[in-house]
$ cat protein25.txt   # compact mmCIF, C-alpha atoms
# COMPACT_ATOMS: atom_id res chain seq x y z
CA MET A 5 51.15 -95.97 2.45
CA TYR A 6 51.37 -92.19 2.08
CA LYS A 7 55.18 -92.41 1.97
CA LEU A 8 55.02 -95.03 -0.80
CA ILE A 9 52.68 -92.87 -2.88
CA LEU A 10 54.98 -89.87 -2.38
CA ILE A 11 58.05 -91.84 -3.51
CA THR A 12 56.17 -93.12 -6.58
CA LEU A 13 55.06 -89.59 -7.44
CA LEU A 14 58.58 -88.19 -7.08
CA THR A 15 59.99 -90.98 -9.26
CA THR A 16 57.38 -90.23 -11.94
CA LEU A 17 58.20 -86.52 -11.88
CA LEU A 18 61.92 -87.19 -12.10
CA ASN A 19 61.46 -89.45 -15.12
CA ALA A 20 58.98 -87.11 -16.83
CA HIS A 21 61.72 -85.04 -18.45
CA ASN A 22 64.10 -86.22 -21.14
CA PRO A 23 67.82 -86.56 -20.36
CA LYS A 24 69.55 -83.18 -20.50
CA PRO A 25 72.82 -84.21 -22.24
CA TYR A 26 72.57 -83.41 -25.97
CA ALA A 27 68.88 -82.57 -25.46
CA VAL A 28 68.55 -80.86 -28.86
CA LEU A 29 69.17 -84.21 -30.52
CA GLY A 30 67.70 -86.45 -27.83
CA ASP A 31 64.34 -84.68 -27.35
CA VAL A 32 63.32 -85.29 -30.97
CA ILE A 33 64.06 -89.00 -30.63
CA TYR A 34 62.46 -89.50 -27.21
CA ASN A 35 59.35 -87.44 -27.98
CA ASN A 36 58.80 -89.37 -31.22
CA VAL A 37 59.39 -92.94 -30.09
CA ASN A 38 55.77 -93.68 -29.10
CA ASN A 39 54.54 -92.42 -32.46
CA ILE A 40 57.02 -94.63 -34.29
CA GLU A 41 55.97 -97.58 -32.14
CA SER A 42 52.35 -96.95 -33.22
CA LEU A 43 53.40 -97.76 -36.80
CA LYS A 44 53.14 -101.42 -35.80
CA GLN A 45 49.36 -100.97 -36.04
CA ILE A 46 49.59 -99.97 -39.72
CA GLU A 47 49.40 -102.85 -42.17
CA SER A 48 51.95 -101.40 -44.58
CA TYR A 49 54.56 -101.57 -41.79
CA SER A 50 53.89 -105.22 -40.92
CA LEU A 51 57.27 -106.24 -42.40
CA TYR A 52 59.02 -103.79 -40.05
CA LEU A 53 57.59 -105.05 -36.75
CA ASP A 54 60.87 -106.49 -35.49
CA ASP A 55 62.86 -103.45 -36.65
CA ILE A 56 60.45 -101.08 -34.93
CA GLU A 57 60.54 -103.13 -31.74
CA LYS A 58 64.36 -103.15 -31.74
CA TYR A 59 64.42 -99.41 -32.36
CA VAL A 60 61.99 -98.69 -29.52
CA THR A 61 64.00 -100.87 -27.14
CA ALA A 62 67.24 -99.12 -28.17
CA VAL A 63 65.65 -95.70 -27.57
CA HIS A 64 64.51 -96.62 -24.06
CA GLU A 65 67.91 -98.11 -23.20
CA THR A 66 69.69 -95.02 -24.51
CA LYS A 67 67.33 -92.80 -22.55
CA GLU A 68 68.30 -94.60 -19.34
CA GLU A 69 71.95 -94.01 -20.19
CA GLY A 70 71.11 -90.33 -20.64
CA TYR A 71 69.68 -90.16 -17.12
CA THR A 72 72.86 -91.76 -15.80
CA LEU A 73 74.99 -89.15 -17.59
CA GLU A 74 73.08 -86.38 -15.79
CA LYS A 75 74.56 -87.60 -12.50
CA SER A 76 78.14 -88.32 -13.59
CA ALA A 77 79.89 -89.05 -16.87
CA THR A 78 83.31 -89.36 -18.44
CA SER A 79 84.19 -87.94 -21.85
CA LYS A 80 84.19 -91.47 -23.21
CA LEU A 81 80.65 -92.19 -21.97
CA LYS A 82 79.39 -88.87 -23.33
CA LYS A 83 80.88 -89.64 -26.73
CA GLU A 84 79.35 -93.13 -26.76
CA TYR A 85 75.97 -91.68 -25.80
CA LEU A 86 76.20 -89.03 -28.53
CA ASN A 87 77.07 -91.66 -31.15
CA LYS A 88 74.03 -93.71 -30.10
CA LEU A 89 71.82 -90.63 -30.42
CA ARG A 90 73.17 -89.94 -33.90
CA ALA A 91 72.43 -93.51 -34.98
CA LEU A 92 68.92 -93.36 -33.51
CA SER A 93 68.36 -89.99 -35.16
CA LYS A 94 69.04 -91.52 -38.58
CA THR A 95 66.44 -94.24 -37.91
CA ASN A 96 63.97 -91.65 -36.64
CA ASP A 97 64.45 -89.59 -39.81
CA TYR A 98 64.03 -92.71 -41.95
CA TYR A 99 60.59 -93.41 -40.45
CA LEU A 100 59.60 -89.76 -40.86
CA ARG A 101 60.52 -89.84 -44.56
CA SER A 102 58.73 -93.16 -44.92
CA ILE A 103 55.51 -91.93 -43.32
CA LYS A 104 55.50 -88.81 -45.52
CA ASN A 105 55.77 -91.02 -48.60
CA GLN A 106 52.99 -93.25 -47.27
CA TYR A 107 50.85 -90.17 -46.66
CA LYS A 108 51.18 -89.07 -50.29
CA GLU A 109 50.69 -92.62 -51.53
CA SER A 110 47.51 -93.10 -49.47
CA MET A 111 45.87 -90.11 -51.19
CA LYS A 112 47.18 -91.06 -54.60
CA LYS A 113 45.67 -94.55 -54.33
CA ASP A 114 42.63 -93.48 -52.25
CA ASN A 115 43.62 -95.82 -49.44
CA PHE A 116 41.32 -94.20 -46.88
CA LYS A 117 42.18 -96.48 -43.98
CA LEU A 118 45.90 -95.86 -44.43
CA PHE A 119 45.26 -92.13 -44.78
CA SER A 120 43.40 -92.04 -41.44
CA GLN A 121 46.05 -94.12 -39.68
CA ILE A 122 48.89 -91.93 -40.94
CA ILE A 123 47.39 -88.56 -40.09
CA ASN A 124 46.59 -89.87 -36.61
CA SER A 125 50.08 -91.31 -36.11
CA GLY A 126 51.55 -88.05 -34.81
CA LEU A 127 54.33 -88.29 -37.39
CA ILE A 128 52.76 -85.94 -39.94
CA ASP A 129 52.74 -82.17 -39.50
CA THR A 130 48.97 -81.83 -39.65
CA ASN A 131 49.06 -78.05 -39.19
CA LYS A 132 51.34 -77.66 -42.19
CA ASN A 133 49.17 -80.05 -44.25
CA LYS A 134 45.87 -78.86 -42.79
CA LYS A 135 44.32 -77.55 -46.01
CA GLU A 136 45.31 -80.64 -47.98
CA ILE A 137 43.95 -82.99 -45.30
CA ILE A 138 40.61 -81.16 -45.00
CA ASP A 139 40.21 -80.83 -48.77
CA TYR A 140 40.86 -84.55 -49.22
CA TYR A 141 38.44 -85.38 -46.41
CA TYR A 142 35.62 -83.30 -47.90
CA LYS A 143 36.24 -84.91 -51.26
CA ASN A 144 35.93 -88.41 -49.76
CA LYS A 145 34.10 -87.89 -46.46
CA GLU A 146 31.71 -90.77 -47.05
CA GLN A 147 34.66 -93.19 -46.95
CA ILE A 148 36.91 -91.53 -44.34
CA ASP A 149 36.52 -91.90 -40.59
CA SER A 150 36.95 -88.37 -39.19
CA THR A 151 37.65 -89.57 -35.63
CA GLY A 152 40.84 -88.01 -34.27
CA ILE A 153 42.86 -85.37 -36.06
CA ILE A 154 40.25 -84.58 -38.75
CA ASP A 155 37.57 -83.81 -36.15
CA LYS A 156 40.10 -81.66 -34.35
CA LEU A 157 40.99 -79.74 -37.53
CA LEU A 158 37.32 -79.29 -38.41
CA GLU A 159 36.60 -77.96 -34.90
CA GLU A 160 39.52 -75.54 -35.22
CA ASP A 161 38.19 -74.38 -38.59
CA ALA A 162 34.72 -73.87 -37.17
CA ARG A 163 36.14 -71.96 -34.20
CA LEU A 164 38.20 -69.71 -36.49
CA LYS A 165 35.16 -69.04 -38.66
CA ARG A 166 33.11 -68.12 -35.58
CA GLN A 167 35.94 -65.87 -34.42
CA LYS A 168 36.13 -64.16 -37.80
CA GLU A 169 32.36 -63.65 -37.85
CA SER A 170 32.52 -62.20 -34.35
CA GLU A 171 35.36 -59.87 -35.38
CA LYS A 172 33.37 -58.83 -38.45
CA LYS A 173 30.37 -57.99 -36.28
CA ARG A 174 32.56 -56.06 -33.87
CA TYR A 175 34.17 -54.18 -36.76
CA LYS A 176 30.75 -53.50 -38.25
CA THR A 177 29.47 -52.23 -34.92
CA LYS A 178 32.50 -49.93 -34.54
CA LYS A 179 32.00 -48.72 -38.09
CA GLN A 180 28.31 -48.11 -37.46
CA LEU A 181 29.07 -46.21 -34.25
CA GLN A 182 31.62 -44.10 -36.13
CA GLU A 183 29.13 -43.40 -38.90
CA GLU A 184 26.44 -42.49 -36.36
CA LYS A 185 28.87 -40.17 -34.61
CA ILE A 186 29.75 -38.45 -37.91
CA LYS A 187 26.05 -38.18 -38.71
CA ARG A 188 25.34 -36.55 -35.33
CA ILE A 189 28.22 -34.10 -35.84
CA ARG A 190 26.91 -33.17 -39.28
CA GLU A 191 23.37 -32.77 -37.97
CA ASN A 192 24.64 -30.58 -35.12
CA ASP A 193 26.65 -28.54 -37.62
CA LYS A 194 23.54 -28.12 -39.78
CA ALA A 195 21.45 -27.15 -36.75
CA GLN A 196 24.06 -24.61 -35.64
CA GLN A 197 24.36 -23.26 -39.18
CA LYS A 198 20.57 -22.96 -39.43
CA LYS A 199 20.39 -21.15 -36.06
CA LEU A 200 23.19 -18.83 -37.13
CA GLU A 201 21.39 -18.03 -40.38
CA GLU A 202 18.11 -17.47 -38.49
CA ASP A 203 19.88 -15.17 -36.01
CA LEU A 204 21.49 -13.23 -38.84
CA GLN A 205 18.17 -12.94 -40.63
CA LYS A 206 16.56 -11.78 -37.40
CA ASP A 207 19.23 -9.12 -37.01
CA VAL A 208 18.72 -8.01 -40.60
CA ASN A 209 14.95 -7.82 -40.10
CA ASN A 210 15.39 -5.83 -36.88
CA LYS A 211 17.72 -3.40 -38.61
CA LYS A 212 15.29 -3.04 -41.50
CA GLU A 213 12.47 -2.36 -39.05
CA GLN A 214 14.55 0.25 -37.26
CA ILE A 215 15.39 1.92 -40.58
CA ARG A 216 11.69 2.01 -41.54
CA LYS A 217 10.78 3.58 -38.20
CA VAL A 218 13.51 6.20 -38.64
CA GLN A 219 12.31 6.91 -42.19
CA LYS A 220 8.70 7.24 -40.97
CA ARG A 221 9.73 9.75 -38.30
CA GLU A 222 11.71 11.76 -40.80
CA LEU A 223 8.80 11.83 -43.27
CA ALA A 224 6.41 12.89 -40.52
CA ASN A 225 8.53 15.93 -39.76
$ encode --input "protein25.txt" --output "structure tokens"
Amino acid sequence: MYKLILITLLTTLLNAHNPKPYAVLGDVIYNNVNNIESLKQIESYSLYLDDIEKYVTAVHETKEEGYTLEKSATSKLKKEYLNKLRALSKTNDYYLRSIKNQYKESMKKDNFKLFSQIINSGLIDTNKNKKEIIDYYYKNKEQIDSTGIIDKLLEEDARLKRQKESEKKRYKTKKQLQEEKIKRIRENDKAQQKKLEEDLQKDVNNKKEQIRKVQKRELAN
């Protein structure tokens, strides 16, 4: 039993990475395929169900070929694999362009359900469009379900605000400490100046007293 679990675990770990041949092109396709498959849940893509299914199947089959190439491959097989990746890349890019258009269209027509589905699809750069997404949500928050990416963005915003407030307080504290230090230095300077003036005045008074005593003695003689 233990041996079976170990073999299963090793197999999972081996298949966790994407194929290494032409990884720059392949990683984008393989990392995106589940997101593209999720488009089947969006009503506006109902006409593309078969196309999406065929694409997903082709990606998985090509991925298996990529694993095979890691072990051994001829120039011909590498070229065939690269051509398949290029074809899949075009389809991947098509769906990315399509989802971006749908994203804009959903806001233009206030299709709140479509808007939520698209921003949660993983195919939109939500960090790049963060301000636009949050602004649109606040404008229509009574109609938009915030579950998913919106809640995440709102939490990030709240965390950043707390961080900024904390930094402000720290800066204010540092500034206050600096001001208090300057105040203490000035007060010490004033105290030293006052003591110096008092000492000088004391010396002057002593000298005056000595002069008077000398004058008195001289007058007495």
$ closest_residue --input "protein25.txt" --among "A:Asn22, A:Gln182, A:Asn131, A:Asn87" --to "Glu68 in chain A" --atoms "only C-alpha atoms"
A:Asn22
$ closest_residue --input "protein25.txt" --among "A:Lys75, A:Ile40, A:Asp207, A:Tyr107" --to "Leu53 in chain A" --atoms "only C-alpha atoms"
A:Ile40
$ residues_around --input "protein25.txt" --residues "Leu158 in chain A" --least-positions-apart "5" --cutoff "9 Å" --atoms "only C-alpha atoms" --output "tab-separated table (two decimals) with C-alpha atoms, in the frame of the given file"
chain	number	residue	atom	x	y	z
A	138	ILE	CA	40.61	-81.16	-45.00
A	153	ILE	CA	42.86	-85.37	-36.06
A	163	ARG	CA	36.14	-71.96	-34.20
$ atom_distance --input "protein25.txt" --atom1 "CA of Leu127 in chain A" --atom2 "CA of Asn39 in chain A"
6.4 Å
$ atom_distance --input "protein25.txt" --atom1 "CA of Lys199 in chain A" --atom2 "CA of Leu181 in chain A"
26.6 Å
$ closest_residue --input "protein25.txt" --among "A:Gln197, A:Asn209, A:Gln214, A:Ser120" --to "Ile137 in chain A" --atoms "only C-alpha atoms"
A:Ser120
$ closest_residue --input "protein25.txt" --among "A:Lys206, A:Val63, A:Gln196, A:Pro25" --to "Ser93 in chain A" --atoms "all atoms listed in the file"
A:Val63
$ atom_distance --input "protein25.txt" --atom1 "CA of Ser125 in chain A" --atom2 "CA of Ser42 in chain A"
6.7 Å
$ closest_residue --input "protein25.txt" --among "A:Asn36, A:Gln45, A:Tyr26, A:Arg188" --to "Glu84 in chain A" --atoms "all atoms listed in the file"
A:Tyr26
$ residues_around --input "protein25.txt" --residues "Leu86 in chain A" --least-positions-apart "2" --cutoff "12 Å" --atoms "all atoms listed in the file" --output "list in words"
Pro23, Lys24, Pro25, Tyr26, Ala27, Val28, Leu29, Gly30, Thr66, Lys67, Glu69, Gly70, Leu73, Ser79, Lys80, Leu81, Lys82, Lys83, Glu84, Lys88, Leu89, Arg90, Ala91, Leu92 and Ser93 of chain A
$ write_last_selection --input "protein25.txt" --atoms "C-alpha atoms" --output "JSON list (two decimals), in the frame of the given file"
[["chain", "number", "residue", "atom", "x", "y", "z"],
["A", 23, "PRO", "CA", 67.82, -86.56, -20.36],
["A", 24, "LYS", "CA", 69.55, -83.18, -20.50],
["A", 25, "PRO", "CA", 72.82, -84.21, -22.24],
["A", 26, "TYR", "CA", 72.57, -83.41, -25.97],
["A", 27, "ALA", "CA", 68.88, -82.57, -25.46],
["A", 28, "VAL", "CA", 68.55, -80.86, -28.86],
["A", 29, "LEU", "CA", 69.17, -84.21, -30.52],
["A", 30, "GLY", "CA", 67.70, -86.45, -27.83],
["A", 66, "THR", "CA", 69.69, -95.02, -24.51],
["A", 67, "LYS", "CA", 67.33, -92.80, -22.55],
["A", 69, "GLU", "CA", 71.95, -94.01, -20.19],
["A", 70, "GLY", "CA", 71.11, -90.33, -20.64],
["A", 73, "LEU", "CA", 74.99, -89.15, -17.59],
["A", 79, "SER", "CA", 84.19, -87.94, -21.85],
["A", 80, "LYS", "CA", 84.19, -91.47, -23.21],
["A", 81, "LEU", "CA", 80.65, -92.19, -21.97],
["A", 82, "LYS", "CA", 79.39, -88.87, -23.33],
["A", 83, "LYS", "CA", 80.88, -89.64, -26.73],
["A", 84, "GLU", "CA", 79.35, -93.13, -26.76],
["A", 88, "LYS", "CA", 74.03, -93.71, -30.10],
["A", 89, "LEU", "CA", 71.82, -90.63, -30.42],
["A", 90, "ARG", "CA", 73.17, -89.94, -33.90],
["A", 91, "ALA", "CA", 72.43, -93.51, -34.98],
["A", 92, "LEU", "CA", 68.92, -93.36, -33.51],
["A", 93, "SER", "CA", 68.36, -89.99, -35.16]]
$ axis_aligned_box --input "protein25.txt" --around "range 101-118 of chain A" --padding-each-side "3 Å" --output "JSON"
{"center_x": 50.9, "center_y": -92.6, "center_z": -49.0, "size_x": 25.2, "size_y": 13.7, "size_z": 17.3}
$ closest_residue --input "protein25.txt" --among "A:Tyr141, A:Ile123, A:Gln106, A:Asp161" --to "Tyr49 in chain A" --atoms "all atoms listed in the file"
A:Gln106
$ decode --input "protein25.txt" --residues "range 74-190 of chain A" --atoms "C-alpha atoms" --output "PDB file, in the first residue's frame"
ATOM      1  CA  GLU A  74      11.906  15.322 -22.993  1.00  0.00           C
ATOM      2  CA  LYS A  75      13.088  11.712 -23.088  1.00  0.00           C
ATOM      3  CA  SER A  76      14.067  11.408 -26.757  1.00  0.00           C
ATOM      4  CA  ALA A  77      13.203  13.220 -29.964  1.00  0.00           C
ATOM      5  CA  THR A  78      14.214  13.571 -33.585  1.00  0.00           C
ATOM      6  CA  SER A  79      14.411  16.903 -35.397  1.00  0.00           C
ATOM      7  CA  LYS A  80      11.252  15.970 -37.260  1.00  0.00           C
ATOM      8  CA  LEU A  81       9.280  15.315 -34.052  1.00  0.00           C
ATOM      9  CA  LYS A  82      10.536  18.556 -32.514  1.00  0.00           C
ATOM     10  CA  LYS A  83       9.443  20.504 -35.573  1.00  0.00           C
ATOM     11  CA  GLU A  84       6.011  18.859 -35.566  1.00  0.00           C
ATOM     12  CA  TYR A  85       5.627  19.634 -31.861  1.00  0.00           C
ATOM     13  CA  LEU A  86       6.657  23.269 -32.402  1.00  0.00           C
ATOM     14  CA  ASN A  87       4.146  23.657 -35.241  1.00  0.00           C
ATOM     15  CA  LYS A  88       1.384  22.301 -32.999  1.00  0.00           C
ATOM     16  CA  LEU A  89       2.347  24.772 -30.275  1.00  0.00           C
ATOM     17  CA  ARG A  90       2.237  27.646 -32.760  1.00  0.00           C
ATOM     18  CA  ALA A  91      -1.245  26.622 -33.904  1.00  0.00           C
ATOM     19  CA  LEU A  92      -2.457  26.280 -30.316  1.00  0.00           C
ATOM     20  CA  SER A  93      -0.898  29.632 -29.449  1.00  0.00           C
ATOM     21  CA  LYS A  94      -3.006  31.327 -32.131  1.00  0.00           C
ATOM     22  CA  THR A  95      -6.175  29.799 -30.659  1.00  0.00           C
ATOM     23  CA  ASN A  96      -5.099  30.785 -27.153  1.00  0.00           C
ATOM     24  CA  ASP A  97      -4.544  34.376 -28.304  1.00  0.00           C
ATOM     25  CA  TYR A  98      -7.929  34.378 -30.048  1.00  0.00           C
ATOM     26  CA  TYR A  99      -9.725  33.519 -26.797  1.00  0.00           C
ATOM     27  CA  LEU A 100      -7.708  36.135 -24.913  1.00  0.00           C
ATOM     28  CA  ARG A 101      -8.718  38.826 -27.418  1.00  0.00           C
ATOM     29  CA  SER A 102     -12.296  37.597 -27.282  1.00  0.00           C
ATOM     30  CA  ILE A 103     -12.509  37.711 -23.491  1.00  0.00           C
ATOM     31  CA  LYS A 104     -11.055  41.235 -23.424  1.00  0.00           C
ATOM     32  CA  ASN A 105     -13.750  42.365 -25.843  1.00  0.00           C
ATOM     33  CA  GLN A 106     -16.405  40.624 -23.749  1.00  0.00           C
ATOM     34  CA  TYR A 107     -15.032  42.353 -20.648  1.00  0.00           C
ATOM     35  CA  LYS A 108     -15.454  45.788 -22.224  1.00  0.00           C
ATOM     36  CA  GLU A 109     -18.842  44.851 -23.642  1.00  0.00           C
ATOM     37  CA  SER A 110     -20.123  43.609 -20.267  1.00  0.00           C
ATOM     38  CA  MET A 111     -19.465  47.028 -18.697  1.00  0.00           C
ATOM     39  CA  LYS A 112     -20.788  48.917 -21.677  1.00  0.00           C
ATOM     40  CA  LYS A 113     -24.099  47.029 -21.540  1.00  0.00           C
ATOM     41  CA  ASP A 114     -24.136  46.629 -17.729  1.00  0.00           C
ATOM     42  CA  ASN A 115     -24.242  42.859 -18.039  1.00  0.00           C
ATOM     43  CA  PHE A 116     -23.287  42.236 -14.409  1.00  0.00           C
ATOM     44  CA  LYS A 117     -23.387  38.445 -14.546  1.00  0.00           C
ATOM     45  CA  LEU A 118     -21.084  38.377 -17.567  1.00  0.00           C
ATOM     46  CA  PHE A 119     -18.796  40.917 -15.912  1.00  0.00           C
ATOM     47  CA  SER A 120     -18.427  38.710 -12.809  1.00  0.00           C
ATOM     48  CA  GLN A 121     -17.849  35.568 -14.862  1.00  0.00           C
ATOM     49  CA  ILE A 122     -15.177  37.217 -16.998  1.00  0.00           C
ATOM     50  CA  ILE A 123     -13.144  38.783 -14.211  1.00  0.00           C
ATOM     51  CA  ASN A 124     -13.202  35.438 -12.388  1.00  0.00           C
ATOM     52  CA  SER A 125     -12.179  33.485 -15.492  1.00  0.00           C
ATOM     53  CA  GLY A 126      -8.453  34.005 -14.949  1.00  0.00           C
ATOM     54  CA  LEU A 127      -8.127  35.327 -18.500  1.00  0.00           C
ATOM     55  CA  ILE A 128      -8.227  39.027 -17.589  1.00  0.00           C
ATOM     56  CA  ASP A 129      -5.257  40.833 -16.057  1.00  0.00           C
ATOM     57  CA  THR A 130      -7.113  41.940 -12.938  1.00  0.00           C
ATOM     58  CA  ASN A 131      -4.071  43.714 -11.480  1.00  0.00           C
ATOM     59  CA  LYS A 132      -3.723  45.837 -14.605  1.00  0.00           C
ATOM     60  CA  ASN A 133      -7.479  46.567 -14.630  1.00  0.00           C
ATOM     61  CA  LYS A 134      -7.815  46.781 -10.847  1.00  0.00           C
ATOM     62  CA  LYS A 135      -8.947  50.410 -10.637  1.00  0.00           C
ATOM     63  CA  GLU A 136     -11.467  50.005 -13.439  1.00  0.00           C
ATOM     64  CA  ILE A 137     -12.907  46.823 -11.901  1.00  0.00           C
ATOM     65  CA  ILE A 138     -13.242  48.333  -8.406  1.00  0.00           C
ATOM     66  CA  ASP A 139     -14.688  51.600  -9.724  1.00  0.00           C
ATOM     67  CA  TYR A 140     -17.276  49.693 -11.768  1.00  0.00           C
ATOM     68  CA  TYR A 141     -18.108  47.501  -8.776  1.00  0.00           C
ATOM     69  CA  TYR A 142     -18.684  50.464  -6.450  1.00  0.00           C
ATOM     70  CA  LYS A 143     -20.848  52.082  -9.085  1.00  0.00           C
ATOM     71  CA  ASN A 144     -23.035  48.953  -9.352  1.00  0.00           C
ATOM     72  CA  LYS A 145     -22.348  47.019  -6.144  1.00  0.00           C
ATOM     73  CA  GLU A 146     -26.024  46.354  -5.482  1.00  0.00           C
ATOM     74  CA  GLN A 147     -26.180  44.264  -8.678  1.00  0.00           C
ATOM     75  CA  ILE A 148     -22.709  42.665  -8.705  1.00  0.00           C
ATOM     76  CA  ASP A 149     -21.724  39.564  -6.765  1.00  0.00           C
ATOM     77  CA  SER A 150     -18.324  40.372  -5.235  1.00  0.00           C
ATOM     78  CA  THR A 151     -17.442  36.716  -4.562  1.00  0.00           C
ATOM     79  CA  GLY A 152     -14.026  35.858  -5.978  1.00  0.00           C
ATOM     80  CA  ILE A 153     -11.660  38.361  -7.529  1.00  0.00           C
ATOM     81  CA  ILE A 154     -13.543  41.497  -6.387  1.00  0.00           C
ATOM     82  CA  ASP A 155     -13.409  40.438  -2.734  1.00  0.00           C
ATOM     83  CA  LYS A 156      -9.731  39.707  -3.200  1.00  0.00           C
ATOM     84  CA  LEU A 157      -9.067  43.132  -4.736  1.00  0.00           C
ATOM     85  CA  LEU A 158     -11.064  44.862  -2.003  1.00  0.00           C
ATOM     86  CA  GLU A 159      -9.101  42.986   0.674  1.00  0.00           C
ATOM     87  CA  GLU A 160      -5.836  44.008  -0.999  1.00  0.00           C
ATOM     88  CA  ASP A 161      -7.010  47.627  -1.090  1.00  0.00           C
ATOM     89  CA  ALA A 162      -7.966  47.522   2.574  1.00  0.00           C
ATOM     90  CA  ARG A 163      -4.617  45.954   3.466  1.00  0.00           C
ATOM     91  CA  LEU A 164      -2.718  48.622   1.506  1.00  0.00           C
ATOM     92  CA  LYS A 165      -4.717  51.367   3.208  1.00  0.00           C
ATOM     93  CA  ARG A 166      -3.940  49.880   6.631  1.00  0.00           C
ATOM     94  CA  GLN A 167      -0.278  49.645   5.649  1.00  0.00           C
ATOM     95  CA  LYS A 168      -0.223  53.271   4.511  1.00  0.00           C
ATOM     96  CA  GLU A 169      -1.910  54.396   7.734  1.00  0.00           C
ATOM     97  CA  SER A 170       0.618  52.408   9.739  1.00  0.00           C
ATOM     98  CA  GLU A 171       3.491  53.951   7.762  1.00  0.00           C
ATOM     99  CA  LYS A 172       1.987  57.409   8.319  1.00  0.00           C
ATOM    100  CA  LYS A 173       1.827  56.793  12.052  1.00  0.00           C
ATOM    101  CA  ARG A 174       5.399  55.523  12.073  1.00  0.00           C
ATOM    102  CA  TYR A 175       6.533  58.551  10.074  1.00  0.00           C
ATOM    103  CA  LYS A 176       4.598  60.841  12.394  1.00  0.00           C
ATOM    104  CA  THR A 177       6.155  59.197  15.428  1.00  0.00           C
ATOM    105  CA  LYS A 178       9.656  59.566  13.946  1.00  0.00           C
ATOM    106  CA  LYS A 179       8.896  63.186  13.120  1.00  0.00           C
ATOM    107  CA  GLN A 180       7.595  63.807  16.625  1.00  0.00           C
ATOM    108  CA  LEU A 181      10.675  62.181  18.165  1.00  0.00           C
ATOM    109  CA  GLN A 182      12.895  64.341  15.956  1.00  0.00           C
ATOM    110  CA  GLU A 183      10.980  67.466  16.929  1.00  0.00           C
ATOM    111  CA  GLU A 184      11.185  66.536  20.615  1.00  0.00           C
ATOM    112  CA  LYS A 185      14.917  65.962  20.261  1.00  0.00           C
ATOM    113  CA  ILE A 186      15.377  69.376  18.610  1.00  0.00           C
ATOM    114  CA  LYS A 187      13.258  70.941  21.341  1.00  0.00           C
ATOM    115  CA  ARG A 188      15.411  69.344  24.061  1.00  0.00           C
ATOM    116  CA  ILE A 189      18.592  70.535  22.338  1.00  0.00           C
ATOM    117  CA  ARG A 190      17.231  74.072  22.118  1.00  0.00           C
TER     118      ARG A 190
END
